[in-house]
$ cat upload_6.json   # JSON, C-alpha atoms
[["chain", "number", "residue", "atom", "x", "y", "z"],
["A", 1, "MET", "CA", 9.88, -7.49, 10.47],
["A", 2, "LYS", "CA", 9.87, -4.56, 12.87],
["A", 3, "PHE", "CA", 8.98, -0.96, 12.19],
["A", 4, "ARG", "CA", 11.83, 1.50, 12.83],
["A", 5, "PRO", "CA", 10.74, 5.15, 13.03],
["A", 6, "CYS", "CA", 12.83, 7.99, 11.64],
["A", 7, "ILE", "CA", 13.52, 11.65, 12.33],
["A", 8, "ASP", "CA", 15.35, 13.24, 9.41],
["A", 9, "ILE", "CA", 16.65, 16.72, 10.20],
["A", 10, "HIS", "CA", 17.82, 19.26, 7.63],
["A", 11, "ASN", "CA", 18.56, 22.96, 8.19],
["A", 12, "GLY", "CA", 17.23, 22.59, 11.74],
["A", 13, "LYS", "CA", 13.84, 21.23, 10.63],
["A", 14, "VAL", "CA", 12.30, 17.77, 10.73],
["A", 15, "LYS", "CA", 11.51, 16.97, 7.12],
["A", 16, "GLN", "CA", 11.36, 14.38, 4.39],
["A", 17, "ILE", "CA", 13.36, 14.78, 1.19],
["A", 18, "VAL", "CA", 14.01, 12.92, -2.04],
["A", 19, "GLY", "CA", 17.26, 11.21, -1.08],
["A", 20, "GLY", "CA", 19.03, 11.59, -4.41],
["A", 21, "SER", "CA", 18.34, 15.34, -4.56],
["A", 22, "LEU", "CA", 20.53, 16.40, -1.62],
["A", 23, "ARG", "CA", 23.26, 18.86, -2.62],
["A", 24, "ASP", "CA", 25.93, 20.59, -0.54],
["A", 25, "ASP", "CA", 26.65, 23.21, -3.18],
["A", 26, "GLY", "CA", 23.25, 24.83, -2.74],
["A", 27, "MET", "CA", 21.96, 23.49, -6.05],
["A", 28, "VAL", "CA", 19.34, 20.81, -6.58],
["A", 29, "SER", "CA", 19.77, 18.80, -9.77],
["A", 30, "MET", "CA", 16.51, 19.11, -11.68],
["A", 31, "THR", "CA", 17.32, 15.80, -13.34],
["A", 32, "ASP", "CA", 17.35, 14.08, -9.96],
["A", 33, "ALA", "CA", 14.30, 16.02, -8.84],
["A", 34, "ALA", "CA", 12.41, 14.56, -11.77],
["A", 35, "GLY", "CA", 13.65, 11.08, -10.90],
["A", 36, "MET", "CA", 15.52, 10.74, -14.20],
["A", 37, "GLY", "CA", 18.93, 9.72, -12.95],
["A", 38, "ASP", "CA", 22.08, 10.76, -11.14],
["A", 39, "THR", "CA", 24.02, 13.77, -12.42],
["A", 40, "MET", "CA", 26.26, 14.28, -9.41],
["A", 41, "PRO", "CA", 29.98, 14.20, -10.27],
["A", 42, "GLU", "CA", 31.93, 11.65, -8.29],
["A", 43, "THR", "CA", 34.66, 14.14, -7.38],
["A", 44, "ASP", "CA", 34.81, 15.90, -4.04],
["A", 45, "ARG", "CA", 32.87, 19.12, -3.71],
["A", 46, "PRO", "CA", 33.50, 21.91, -1.22],
["A", 47, "VAL", "CA", 30.87, 22.53, 1.44],
["A", 48, "ALA", "CA", 29.11, 25.83, 0.80],
["A", 49, "GLY", "CA", 26.94, 26.44, 3.86],
["A", 50, "ILE", "CA", 23.29, 25.48, 3.63],
["A", 51, "SER", "CA", 22.68, 22.31, 1.66],
["A", 52, "SER", "CA", 19.57, 22.00, -0.46],
["A", 53, "ALA", "CA", 17.20, 19.23, -1.44],
["A", 54, "GLN", "CA", 13.86, 18.53, -3.02],
["A", 55, "GLU", "CA", 11.51, 18.55, -0.04],
["A", 56, "ASN", "CA", 8.49, 16.30, 0.29],
["A", 57, "PHE", "CA", 7.48, 17.61, 3.70],
["A", 58, "VAL", "CA", 8.66, 20.12, 6.29],
["A", 59, "SER", "CA", 7.18, 19.76, 9.75],
["A", 60, "ASP", "CA", 6.02, 22.58, 12.00],
["A", 61, "GLN", "CA", 6.80, 20.27, 14.93],
["A", 62, "ASP", "CA", 10.18, 19.86, 16.59],
["A", 63, "GLY", "CA", 12.26, 16.81, 17.44],
["A", 64, "ALA", "CA", 10.59, 16.44, 20.85],
["A", 65, "PHE", "CA", 7.18, 16.00, 19.22],
["A", 66, "PHE", "CA", 8.33, 13.03, 17.14],
["A", 67, "GLY", "CA", 10.40, 11.54, 19.95],
["A", 68, "GLU", "CA", 7.38, 11.63, 22.26],
["A", 69, "MET", "CA", 5.15, 10.12, 19.57],
["A", 70, "TYR", "CA", 7.49, 7.20, 19.02],
["A", 71, "ARG", "CA", 7.91, 6.71, 22.76],
["A", 72, "ASP", "CA", 4.13, 6.60, 23.31],
["A", 73, "LEU", "CA", 3.79, 4.02, 20.53],
["A", 74, "ASN", "CA", 6.65, 1.97, 22.01],
["A", 75, "LEU", "CA", 8.76, 2.07, 18.84],
["A", 76, "PRO", "CA", 12.40, 1.67, 19.89],
["A", 77, "GLY", "CA", 15.38, 1.53, 17.56],
["A", 78, "GLY", "CA", 14.48, 4.60, 15.52],
["A", 79, "HIS", "CA", 16.97, 6.61, 13.51],
["A", 80, "ILE", "CA", 17.77, 10.30, 13.74],
["A", 81, "ILE", "CA", 19.62, 11.37, 10.59],
["A", 82, "LEU", "CA", 21.39, 14.74, 10.44],
["A", 83, "LEU", "CA", 21.40, 15.85, 6.80],
["A", 84, "ASN", "CA", 23.63, 18.93, 6.90],
["A", 85, "PRO", "CA", 27.43, 18.83, 6.58],
["A", 86, "ALA", "CA", 29.24, 18.69, 9.92],
["A", 87, "GLY", "CA", 30.92, 21.93, 10.88],
["A", 88, "THR", "CA", 28.20, 24.20, 9.54],
["A", 89, "GLU", "CA", 25.78, 26.37, 11.50],
["A", 90, "GLU", "CA", 22.92, 24.36, 10.07],
["A", 91, "TYR", "CA", 24.43, 21.12, 11.39],
["A", 92, "GLU", "CA", 24.45, 22.61, 14.89],
["A", 93, "LYS", "CA", 20.76, 23.41, 14.47],
["A", 94, "ASP", "CA", 20.18, 19.79, 13.48],
["A", 95, "ILE", "CA", 21.91, 18.65, 16.67],
["A", 96, "GLU", "CA", 19.67, 20.86, 18.80],
["A", 97, "GLN", "CA", 16.62, 19.15, 17.32],
["A", 98, "ALA", "CA", 18.21, 15.76, 17.96],
["A", 99, "LYS", "CA", 18.74, 16.66, 21.62],
["A", 100, "LEU", "CA", 15.04, 17.45, 21.93],
["A", 101, "ALA", "CA", 14.16, 14.06, 20.49],
["A", 102, "PHE", "CA", 16.54, 12.24, 22.85],
["A", 103, "SER", "CA", 15.04, 14.05, 25.83],
["A", 104, "ALA", "CA", 11.55, 13.01, 24.77],
["A", 105, "TYR", "CA", 12.48, 9.37, 24.14],
["A", 106, "PRO", "CA", 15.36, 8.30, 26.40],
["A", 107, "GLY", "CA", 16.94, 5.04, 25.25],
["A", 108, "GLY", "CA", 14.86, 4.86, 22.10],
["A", 109, "LEU", "CA", 16.81, 6.48, 19.30],
["A", 110, "MET", "CA", 20.04, 6.14, 17.31],
["A", 111, "ILE", "CA", 21.79, 8.94, 15.42],
["A", 112, "GLY", "CA", 23.76, 9.32, 12.21],
["A", 113, "GLY", "CA", 25.31, 12.15, 10.23],
["A", 114, "GLY", "CA", 28.81, 13.58, 10.60],
["A", 115, "ILE", "CA", 29.92, 11.01, 13.16],
["A", 116, "THR", "CA", 33.59, 10.06, 13.57],
["A", 117, "ALA", "CA", 35.66, 8.06, 16.02],
["A", 118, "GLU", "CA", 36.57, 11.35, 17.69],
["A", 119, "ASN", "CA", 33.03, 12.63, 18.32],
["A", 120, "ALA", "CA", 30.99, 9.40, 18.51],
["A", 121, "GLU", "CA", 31.09, 9.19, 22.30],
["A", 122, "SER", "CA", 29.61, 12.67, 22.62],
["A", 123, "PHE", "CA", 26.50, 11.50, 20.73],
["A", 124, "LEU", "CA", 26.16, 8.50, 23.01],
["A", 125, "ASP", "CA", 26.45, 10.84, 25.99],
["A", 126, "MET", "CA", 23.76, 12.96, 24.36],
["A", 127, "GLY", "CA", 21.35, 10.03, 24.61],
["A", 128, "ALA", "CA", 21.82, 7.96, 21.45],
["A", 129, "THR", "CA", 21.68, 4.20, 21.92],
["A", 130, "HIS", "CA", 23.91, 3.71, 18.85],
["A", 131, "VAL", "CA", 25.80, 5.82, 16.35],
["A", 132, "ILE", "CA", 25.24, 5.33, 12.63],
["A", 133, "VAL", "CA", 28.27, 5.86, 10.39],
["A", 134, "THR", "CA", 29.13, 5.78, 6.70],
["A", 135, "SER", "CA", 31.41, 8.48, 5.31],
["A", 136, "TYR", "CA", 34.03, 8.33, 8.06],
["A", 137, "VAL", "CA", 35.05, 4.77, 7.19],
["A", 138, "PHE", "CA", 35.69, 5.55, 3.51],
["A", 139, "LYS", "CA", 38.56, 7.47, 1.92],
["A", 140, "ASN", "CA", 38.88, 8.16, -1.78],
["A", 141, "GLY", "CA", 36.03, 5.78, -2.42],
["A", 142, "ARG", "CA", 37.58, 2.84, -0.58],
["A", 143, "VAL", "CA", 37.21, 1.36, 2.88],
["A", 144, "ASP", "CA", 39.70, 2.82, 5.36],
["A", 145, "MET", "CA", 40.32, -0.16, 7.63],
["A", 146, "LYS", "CA", 42.26, 1.89, 10.18],
["A", 147, "ARG", "CA", 39.34, 4.24, 10.63],
["A", 148, "LEU", "CA", 36.88, 1.35, 10.78],
["A", 149, "GLU", "CA", 38.89, -0.34, 13.52],
["A", 150, "LYS", "CA", 39.34, 2.96, 15.36],
["A", 151, "LEU", "CA", 35.61, 3.54, 15.30],
["A", 152, "ARG", "CA", 34.83, 0.07, 16.62],
["A", 153, "SER", "CA", 37.37, 0.61, 19.41],
["A", 154, "ALA", "CA", 35.86, 3.99, 20.27],
["A", 155, "VAL", "CA", 32.25, 2.88, 20.75],
["A", 156, "GLY", "CA", 32.25, -0.92, 20.64],
["A", 157, "LYS", "CA", 30.66, -3.15, 18.04],
["A", 158, "ASP", "CA", 27.42, -3.37, 20.02],
["A", 159, "ARG", "CA", 26.79, 0.39, 19.71],
["A", 160, "LEU", "CA", 27.86, 0.82, 16.11],
["A", 161, "VAL", "CA", 25.48, 0.76, 13.14],
["A", 162, "LEU", "CA", 26.94, 1.03, 9.65],
["A", 163, "ASP", "CA", 24.87, 2.82, 7.03],
["A", 164, "LEU", "CA", 25.58, 1.05, 3.75],
["A", 165, "SER", "CA", 23.10, 3.02, 1.67],
["A", 166, "CYS", "CA", 23.48, 2.39, -2.03],
["A", 167, "ARG", "CA", 22.77, 3.62, -5.54],
["A", 168, "LYS", "CA", 22.75, 1.73, -8.83],
["A", 169, "ARG", "CA", 25.47, 2.19, -11.43],
["A", 170, "ASP", "CA", 26.30, -0.13, -14.33],
["A", 171, "SER", "CA", 23.83, -2.78, -13.12],
["A", 172, "LEU", "CA", 25.43, -2.96, -9.64],
["A", 173, "TYR", "CA", 24.62, -1.22, -6.36],
["A", 174, "PHE", "CA", 27.47, 0.74, -4.82],
["A", 175, "ILE", "CA", 27.70, 2.20, -1.33],
["A", 176, "VAL", "CA", 27.39, 5.99, -1.37],
["A", 177, "THR", "CA", 28.77, 8.52, 1.12],
["A", 178, "ASP", "CA", 28.54, 12.21, 2.02],
["A", 179, "ARG", "CA", 24.79, 12.18, 2.48],
["A", 180, "TRP", "CA", 24.35, 9.93, -0.56],
["A", 181, "GLN", "CA", 26.13, 12.28, -2.98],
["A", 182, "LYS", "CA", 29.33, 10.34, -3.76],
["A", 183, "PHE", "CA", 29.78, 6.84, -5.11],
["A", 184, "THR", "CA", 32.41, 4.63, -3.52],
["A", 185, "ASP", "CA", 34.18, 1.81, -5.33],
["A", 186, "VAL", "CA", 32.58, -0.69, -2.94],
["A", 187, "PRO", "CA", 29.62, -2.70, -4.28],
["A", 188, "LEU", "CA", 26.87, -3.92, -1.99],
["A", 189, "THR", "CA", 27.47, -7.67, -2.06],
["A", 190, "VAL", "CA", 27.32, -10.63, 0.29],
["A", 191, "GLU", "CA", 31.08, -10.40, 0.71],
["A", 192, "THR", "CA", 30.84, -6.70, 1.63],
["A", 193, "LEU", "CA", 28.11, -7.42, 4.18],
["A", 194, "ASP", "CA", 30.19, -10.23, 5.67],
["A", 195, "MET", "CA", 33.21, -7.98, 6.08],
["A", 196, "PHE", "CA", 31.36, -5.06, 7.66],
["A", 197, "SER", "CA", 29.39, -7.34, 10.01],
["A", 198, "GLU", "CA", 32.61, -7.94, 11.95],
["A", 199, "TYR", "CA", 32.53, -4.31, 13.01],
["A", 200, "ALA", "CA", 28.85, -3.43, 13.56],
["A", 201, "SER", "CA", 25.82, -4.70, 15.43],
["A", 202, "GLU", "CA", 23.46, -3.90, 12.55],
["A", 203, "PHE", "CA", 23.11, -2.15, 9.20],
["A", 204, "LEU", "CA", 20.88, 0.66, 7.98],
["A", 205, "ILE", "CA", 20.53, 0.62, 4.20],
["A", 206, "HIS", "CA", 18.69, 3.23, 2.16],
["A", 207, "ALA", "CA", 17.98, 2.37, -1.45],
["A", 208, "VAL", "CA", 18.77, 5.96, -2.41],
["A", 209, "ASP", "CA", 17.44, 5.92, -5.97],
["A", 210, "VAL", "CA", 13.90, 5.39, -4.63],
["A", 211, "GLU", "CA", 14.34, 7.10, -1.25],
["A", 212, "GLY", "CA", 11.60, 9.64, -0.59],
["A", 213, "LYS", "CA", 9.61, 8.76, -3.72],
["A", 214, "ALA", "CA", 7.08, 6.30, -2.18],
["A", 215, "ARG", "CA", 6.72, 4.55, -5.55],
["A", 216, "GLY", "CA", 7.84, 1.06, -4.63],
["A", 217, "ILE", "CA", 10.84, -0.63, -3.07],
["A", 218, "GLU", "CA", 14.16, -1.49, -4.72],
["A", 219, "GLU", "CA", 13.44, -5.20, -5.06],
["A", 220, "ASP", "CA", 16.98, -6.29, -5.95],
["A", 221, "VAL", "CA", 18.34, -4.64, -2.80],
["A", 222, "ALA", "CA", 15.65, -6.18, -0.61],
["A", 223, "SER", "CA", 16.29, -9.62, -2.08],
["A", 224, "LEU", "CA", 20.05, -9.36, -1.56],
["A", 225, "LEU", "CA", 19.66, -8.29, 2.07],
["A", 226, "GLY", "CA", 16.98, -10.87, 2.83],
["A", 227, "GLY", "CA", 19.16, -13.63, 1.42],
["A", 228, "TRP", "CA", 22.00, -12.63, 3.75],
["A", 229, "GLY", "CA", 20.41, -12.13, 7.16],
["A", 230, "LYS", "CA", 23.37, -12.55, 9.55],
["A", 231, "ILE", "CA", 22.80, -9.42, 11.68],
["A", 232, "PRO", "CA", 19.80, -7.05, 11.92],
["A", 233, "VAL", "CA", 19.28, -4.93, 8.80],
["A", 234, "THR", "CA", 16.85, -2.04, 8.40],
["A", 235, "TYR", "CA", 15.72, -1.32, 4.84],
["A", 236, "ALA", "CA", 14.63, 2.18, 3.78],
["A", 237, "GLY", "CA", 13.46, 3.52, 0.44],
["A", 238, "GLY", "CA", 10.36, 3.60, -1.72],
["A", 239, "VAL", "CA", 7.71, 2.10, 0.58],
["A", 240, "GLY", "CA", 4.45, 3.77, -0.38],
["A", 241, "SER", "CA", 1.75, 1.17, 0.29],
["A", 242, "PHE", "CA", 0.89, -1.90, 2.31],
["A", 243, "GLU", "CA", 1.55, -3.95, -0.82],
["A", 244, "ASP", "CA", 5.12, -2.64, -0.72],
["A", 245, "LEU", "CA", 5.38, -3.84, 2.87],
["A", 246, "ARG", "CA", 4.07, -7.26, 1.90],
["A", 247, "ARG", "CA", 6.57, -7.45, -0.95],
["A", 248, "LEU", "CA", 9.42, -6.35, 1.32],
["A", 249, "LYS", "CA", 8.52, -9.03, 3.82],
["A", 250, "GLU", "CA", 8.47, -11.63, 1.05],
["A", 251, "LEU", "CA", 11.72, -10.61, -0.65],
["A", 252, "GLY", "CA", 13.44, -9.97, 2.68],
["A", 253, "ARG", "CA", 12.40, -13.43, 3.91],
["A", 254, "ASP", "CA", 11.04, -11.76, 7.05],
["A", 255, "ARG", "CA", 14.61, -10.88, 8.06],
["A", 256, "LEU", "CA", 14.47, -7.14, 7.38],
["A", 257, "ASP", "CA", 13.18, -4.31, 9.52],
["A", 258, "VAL", "CA", 11.74, -1.29, 7.75],
["A", 259, "THR", "CA", 11.64, 2.45, 8.11],
["A", 260, "ILE", "CA", 9.14, 4.62, 6.23],
["A", 261, "GLY", "CA", 9.30, 8.38, 5.78],
["A", 262, "SER", "CA", 7.48, 10.36, 3.10],
["A", 263, "ALA", "CA", 4.62, 7.86, 2.73],
["A", 264, "LEU", "CA", 3.52, 8.27, 6.36],
["A", 265, "SER", "CA", 0.67, 10.64, 7.17],
["A", 266, "ILE", "CA", 2.79, 12.28, 9.87],
["A", 267, "PHE", "CA", 5.06, 13.40, 7.03],
["A", 268, "GLY", "CA", 2.31, 14.33, 4.60],
["A", 269, "GLY", "CA", 1.75, 10.89, 3.06],
["A", 270, "SER", "CA", -1.25, 8.58, 2.91],
["A", 271, "MET", "CA", -0.19, 5.72, 5.21],
["A", 272, "GLU", "CA", -1.35, 6.13, 8.81],
["A", 273, "LEU", "CA", 1.44, 5.37, 11.28],
["A", 274, "ALA", "CA", -0.83, 3.44, 13.66],
["A", 275, "GLU", "CA", -2.08, 1.28, 10.78],
["A", 276, "VAL", "CA", 1.47, 0.56, 9.63],
["A", 277, "VAL", "CA", 2.52, -0.44, 13.15],
["A", 278, "ARG", "CA", -0.56, -2.65, 13.52],
["A", 279, "TYR", "CA", -0.06, -4.28, 10.11],
["A", 280, "ILE", "CA", 3.57, -5.14, 10.81],
["A", 281, "SER", "CA", 2.69, -6.40, 14.29],
["A", 282, "ASP", "CA", -0.11, -8.61, 12.93],
["A", 283, "GLU", "CA", 2.19, -9.97, 10.22],
["A", 284, "ALA", "CA", 4.75, -10.93, 12.87],
["A", 285, "GLU", "CA", 2.26, -13.09, 14.78]]

$ encode --input "upload_6.json" --output "structure tokens"
Amino acid sequence: MKFRPCIDIHNGKVKQIVGGSLRDDGMVSMTDAAGMGDTMPETDRPVAGISSAQENFVSDQDGAFFGEMYRDLNLPGGHIILLNPAGTEEYEKDIEQAKLAFSAYPGGLMIGGGITAENAESFLDMGATHVIVTSYVFKNGRVDMKRLEKLRSAVGKDRLVLDLSCRKRDSLYFIVTDRWQKFTDVPLTVETLDMFSEYASEFLIHAVDVEGKARGIEEDVASLLGGWGKIPVTYAGGVGSFEDLRRLKELGRDRLDVTIGSALSIFGGSMELAEVVRYISDEAE
């Protein structure tokens, strides 16, 4: 297991949110905010400027601060996630923060959010080691193979990370798109992982129902991913203690990397980053 740092950017600020609370219509579902379930319709919604979310933490520091921190701790392979809809003024503010992070940590960070085959190269030129993509490769809830192949051709398999973040519905986990707001018809299964692994060098998978809650990992997701293990996979969602890390290592069969957000002290949580890095390093020996 390796620790993968994160820089989540929303409305031009580095912050941590409850993953299932993100809304592009400017409204936060109070049901989601209370952790009681998903009320988001599965139909398309128009983008209405600033998106909203239940915030766990909003930093006074910029992207450069976190990039420099991760560089000094020698933590490569981190993820910058842009949480506003592409094409909005707020998305452009997110990009400016990402540029600051890239400048502070050259060669150390990936980026996801609003990336397509047409603009992916510009993010690599900006300083990203890889691009992270979900929504672009889905259309009407199904995989668009032409887009997937076009994306692989544009950046190469070695620089492509697919975000297969998922939410539970009817006892199965389905991949979700559009910043985790829309269910696809594609379940997260071994067969799905096999298919997508032909196009990407690794996966990033948020267990969205527990993302940002720091109340424990989604054990079924961790077990599924750990039992697969054919390419690198980073798990995100729910880690709130060192016991959660131990459990993730066990269920993931030591095949999964991990990213932690809201539970870290740098984002207002109780887990010290240096202690997390040391714990994971000691466990790897």

$ residues_around --input "upload_6.json" --residues "Ile9 in chain A" --least-positions-apart "3" --cutoff "7 Å" --atoms "all atoms listed in the file" --output "PDB file with C-alpha atoms, keeping the file's coordinate frame"
ATOM      1  CA  GLY A  12      17.230  22.590  11.740  1.00  0.00           C
ATOM      2  CA  LYS A  13      13.840  21.230  10.630  1.00  0.00           C
ATOM      3  CA  VAL A  14      12.300  17.770  10.730  1.00  0.00           C
ATOM      4  CA  LYS A  15      11.510  16.970   7.120  1.00  0.00           C
ATOM      5  CA  ILE A  81      19.620  11.370  10.590  1.00  0.00           C
ATOM      6  CA  LEU A  82      21.390  14.740  10.440  1.00  0.00           C
ATOM      7  CA  LEU A  83      21.400  15.850   6.800  1.00  0.00           C
ATOM      8  CA  ASP A  94      20.180  19.790  13.480  1.00  0.00           C
TER       9      ASP A  94
END

$ atom_distance --input "upload_6.json" --atom1 "CA of Glu96 in chain A" --atom2 "CA of Val233 in chain A"
27.7 Å

$ atom_distance --input "upload_6.json" --atom1 "CA of Glu92 in chain A" --atom2 "CA of His206 in chain A"
23.9 Å

$ closest_residue --input "upload_6.json" --among "A:Gly237, A:Gly216, A:Gly77, A:Pro5" --to "Val277 in chain A" --atoms "all atoms listed in the file"
A:Pro5

$ atom_distance --input "upload_6.json" --atom1 "CA of Cys6 in chain A" --atom2 "CA of Tyr105 in chain A"
12.6 Å

$ residues_around --input "upload_6.json" --residues "range 54-66 of chain A" --least-positions-apart "6" --cutoff "6 Å" --atoms "all atoms listed in the file" --output "JSON, numbers by chain"
{"A": [14, 15, 16, 17, 18, 21, 97, 100, 101, 104, 267]}

$ residues_around --input "upload_6.json" --residues "Gly114 in chain A" --least-positions-apart "5" --cutoff "8 Å" --atoms "only C-alpha atoms" --output "PyMOL selection string"
chain A and resi 82+85-86+133+135-136

$ residues_around --input "upload_6.json" --residues "range 184-191 of chain A" --least-positions-apart "6" --cutoff "7 Å" --atoms "only C-alpha atoms" --output "list in words"
Gly141, Arg142, Leu172, Tyr173, Phe174, Ile175, Val176 and Trp228 of chain A

$ closest_residue --input "upload_6.json" --among "A:Lys150, A:Lys93, A:Lys99, A:Lys139" --to "Ala120 in chain A" --atoms "all atoms listed in the file"
A:Lys150

$ residues_around --input "upload_6.json" --residues "Arg255 in chain A" --least-positions-apart "4" --cutoff "7 Å" --atoms "only C-alpha atoms" --output "PyMOL selection string"
chain A and resi 1+226+229

$ closest_residue --input "upload_6.json" --among "A:Asp72, A:Asp125, A:Glu149, A:Asp244" --to "Phe196 in chain A" --atoms "only C-alpha atoms"
A:Glu149

$ closest_residue --input "upload_6.json" --among "A:Tyr235, A:Val161, A:Gly107, A:Ala274" --to "Leu148 in chain A" --atoms "all atoms listed in the file"
A:Val161

$ closest_residue --input "upload_6.json" --among "A:Phe183, A:Phe242, A:Phe123, A:Phe102" --to "Leu273 in chain A" --atoms "all atoms listed in the file"
A:Phe242

$ closest_residue --input "upload_6.json" --among "A:Ile205, A:Leu245, A:Tyr70, A:Ala200" --to "Lys230 in chain A" --atoms "all atoms listed in the file"
A:Ala200

$ residues_near_point --input "upload_6.json" --point "(-0.6, 11.5, 1.1)" --cutoff "12 Å" --atoms "all atoms listed in the file" --output "list in words"
Asn56, Phe57, Lys213, Ala214, Gly240, Ser241, Gly261, Ser262, Ala263, Leu264, Ser265, Ile266, Phe267, Gly268, Gly269, Ser270, Met271 and Glu272 of chain A

$ closest_atom_pairs --input "upload_6.json" --of "range 174-221 of chain A" --to "range 256-259 of chain A" --cutoff "12 Å" --atoms "all atoms listed in the file" --output "CSV"
residue,atom,partner,partner_atom,distance
A:Glu202,CA,A:Asp257,CA,10.7
A:Phe203,CA,A:Leu256,CA,10.1
A:Leu204,CA,A:Asp257,CA,9.3
A:Ile205,CA,A:Val258,CA,9.7
A:His206,CA,A:Thr259,CA,9.3
A:Ala207,CA,A:Thr259,CA,11.5
A:Glu211,CA,A:Thr259,CA,10.8
A:Gly212,CA,A:Thr259,CA,11.3
A:Ala214,CA,A:Thr259,CA,11.9
A:Ile217,CA,A:Val258,CA,10.9
A:Val221,CA,A:Leu256,CA,11.2

$ write_last_selection --input "upload_6.json" --atoms "C-alpha atoms" --output "short mmCIF file (atom, residue, chain, number, x, y, z; two decimals), in the frame of the given file"
data_model
loop_
_atom_site.label_atom_id
_atom_site.label_comp_id
_atom_site.auth_asym_id
_atom_site.auth_seq_id
_atom_site.Cartn_x
_atom_site.Cartn_y
_atom_site.Cartn_z
CA GLU A 202 23.46 -3.90 12.55
CA PHE A 203 23.11 -2.15 9.20
CA LEU A 204 20.88 0.66 7.98
CA ILE A 205 20.53 0.62 4.20
CA HIS A 206 18.69 3.23 2.16
CA ALA A 207 17.98 2.37 -1.45
CA GLU A 211 14.34 7.10 -1.25
CA GLY A 212 11.60 9.64 -0.59
CA ALA A 214 7.08 6.30 -2.18
CA ILE A 217 10.84 -0.63 -3.07
CA VAL A 221 18.34 -4.64 -2.80
#

$ axis_aligned_box --input "upload_6.json" --around "range 58-67 of chain A" --padding-each-side "4 Å" --output "JSON"
{"center_x": 9.1, "center_y": 17.1, "center_z": 13.6, "size_x": 14.2, "size_y": 19.0, "size_z": 22.6}

$ decode --input "upload_6.json" --residues "range 259-270 of chain A" --atoms "N, CA, C and O atoms" --output "mmCIF file, in the first residue's frame"
data_model
loop_
_atom_site.group_PDB
_atom_site.id
_atom_site.type_symbol
_atom_site.label_atom_id
_atom_site.label_comp_id
_atom_site.auth_asym_id
_atom_site.auth_seq_id
_atom_site.Cartn_x
_atom_site.Cartn_y
_atom_site.Cartn_z
ATOM 1 N N THR A 259 -5.948 7.057 -0.743
ATOM 2 C CA THR A 259 -5.914 8.499 -0.557
ATOM 3 C C THR A 259 -6.884 8.842 0.561
ATOM 4 O O THR A 259 -7.924 8.202 0.721
ATOM 5 N N ILE A 260 -6.527 9.840 1.362
ATOM 6 C CA ILE A 260 -7.331 10.260 2.512
ATOM 7 C C ILE A 260 -7.510 11.766 2.428
ATOM 8 O O ILE A 260 -6.549 12.499 2.173
ATOM 9 N N GLY A 261 -8.726 12.230 2.659
ATOM 10 C CA GLY A 261 -8.995 13.663 2.602
ATOM 11 C C GLY A 261 -9.424 14.225 3.932
ATOM 12 O O GLY A 261 -8.616 14.654 4.744
ATOM 13 N N SER A 262 -10.713 14.212 4.196
ATOM 14 C CA SER A 262 -11.298 14.917 5.342
ATOM 15 C C SER A 262 -10.749 14.469 6.691
ATOM 16 O O SER A 262 -10.763 15.244 7.654
ATOM 17 N N ALA A 263 -10.269 13.242 6.798
ATOM 18 C CA ALA A 263 -9.767 12.748 8.081
ATOM 19 C C ALA A 263 -8.386 13.289 8.433
ATOM 20 O O ALA A 263 -7.964 13.212 9.593
ATOM 21 N N LEU A 264 -7.671 13.853 7.455
ATOM 22 C CA LEU A 264 -6.327 14.361 7.716
ATOM 23 C C LEU A 264 -6.367 15.696 8.447
ATOM 24 O O LEU A 264 -7.232 16.542 8.186
ATOM 25 N N SER A 265 -5.395 15.907 9.317
ATOM 26 C CA SER A 265 -5.336 17.159 10.080
ATOM 27 C C SER A 265 -5.141 18.364 9.169
ATOM 28 O O SER A 265 -5.602 19.463 9.482
ATOM 29 N N ILE A 266 -4.478 18.182 8.033
ATOM 30 C CA ILE A 266 -4.287 19.311 7.110
ATOM 31 C C ILE A 266 -5.593 19.755 6.491
ATOM 32 O O ILE A 266 -5.683 20.845 5.908
ATOM 33 N N PHE A 267 -6.631 18.917 6.613
ATOM 34 C CA PHE A 267 -7.963 19.251 6.120
ATOM 35 C C PHE A 267 -8.981 19.296 7.263
ATOM 36 O O PHE A 267 -10.175 19.098 7.055
ATOM 37 N N GLY A 268 -8.485 19.534 8.469
ATOM 38 C CA GLY A 268 -9.374 19.699 9.613
ATOM 39 C C GLY A 268 -9.702 18.437 10.381
ATOM 40 O O GLY A 268 -10.479 18.475 11.333
ATOM 41 N N GLY A 269 -9.127 17.299 9.991
ATOM 42 C CA GLY A 269 -9.403 16.032 10.657
ATOM 43 C C GLY A 269 -8.442 15.738 11.794
ATOM 44 O O GLY A 269 -7.669 16.601 12.231
ATOM 45 N N SER A 270 -8.460 14.511 12.268
ATOM 46 C CA SER A 270 -7.673 14.128 13.450
ATOM 47 C C SER A 270 -6.424 13.315 13.129
ATOM 48 O O SER A 270 -5.586 13.099 14.018
#
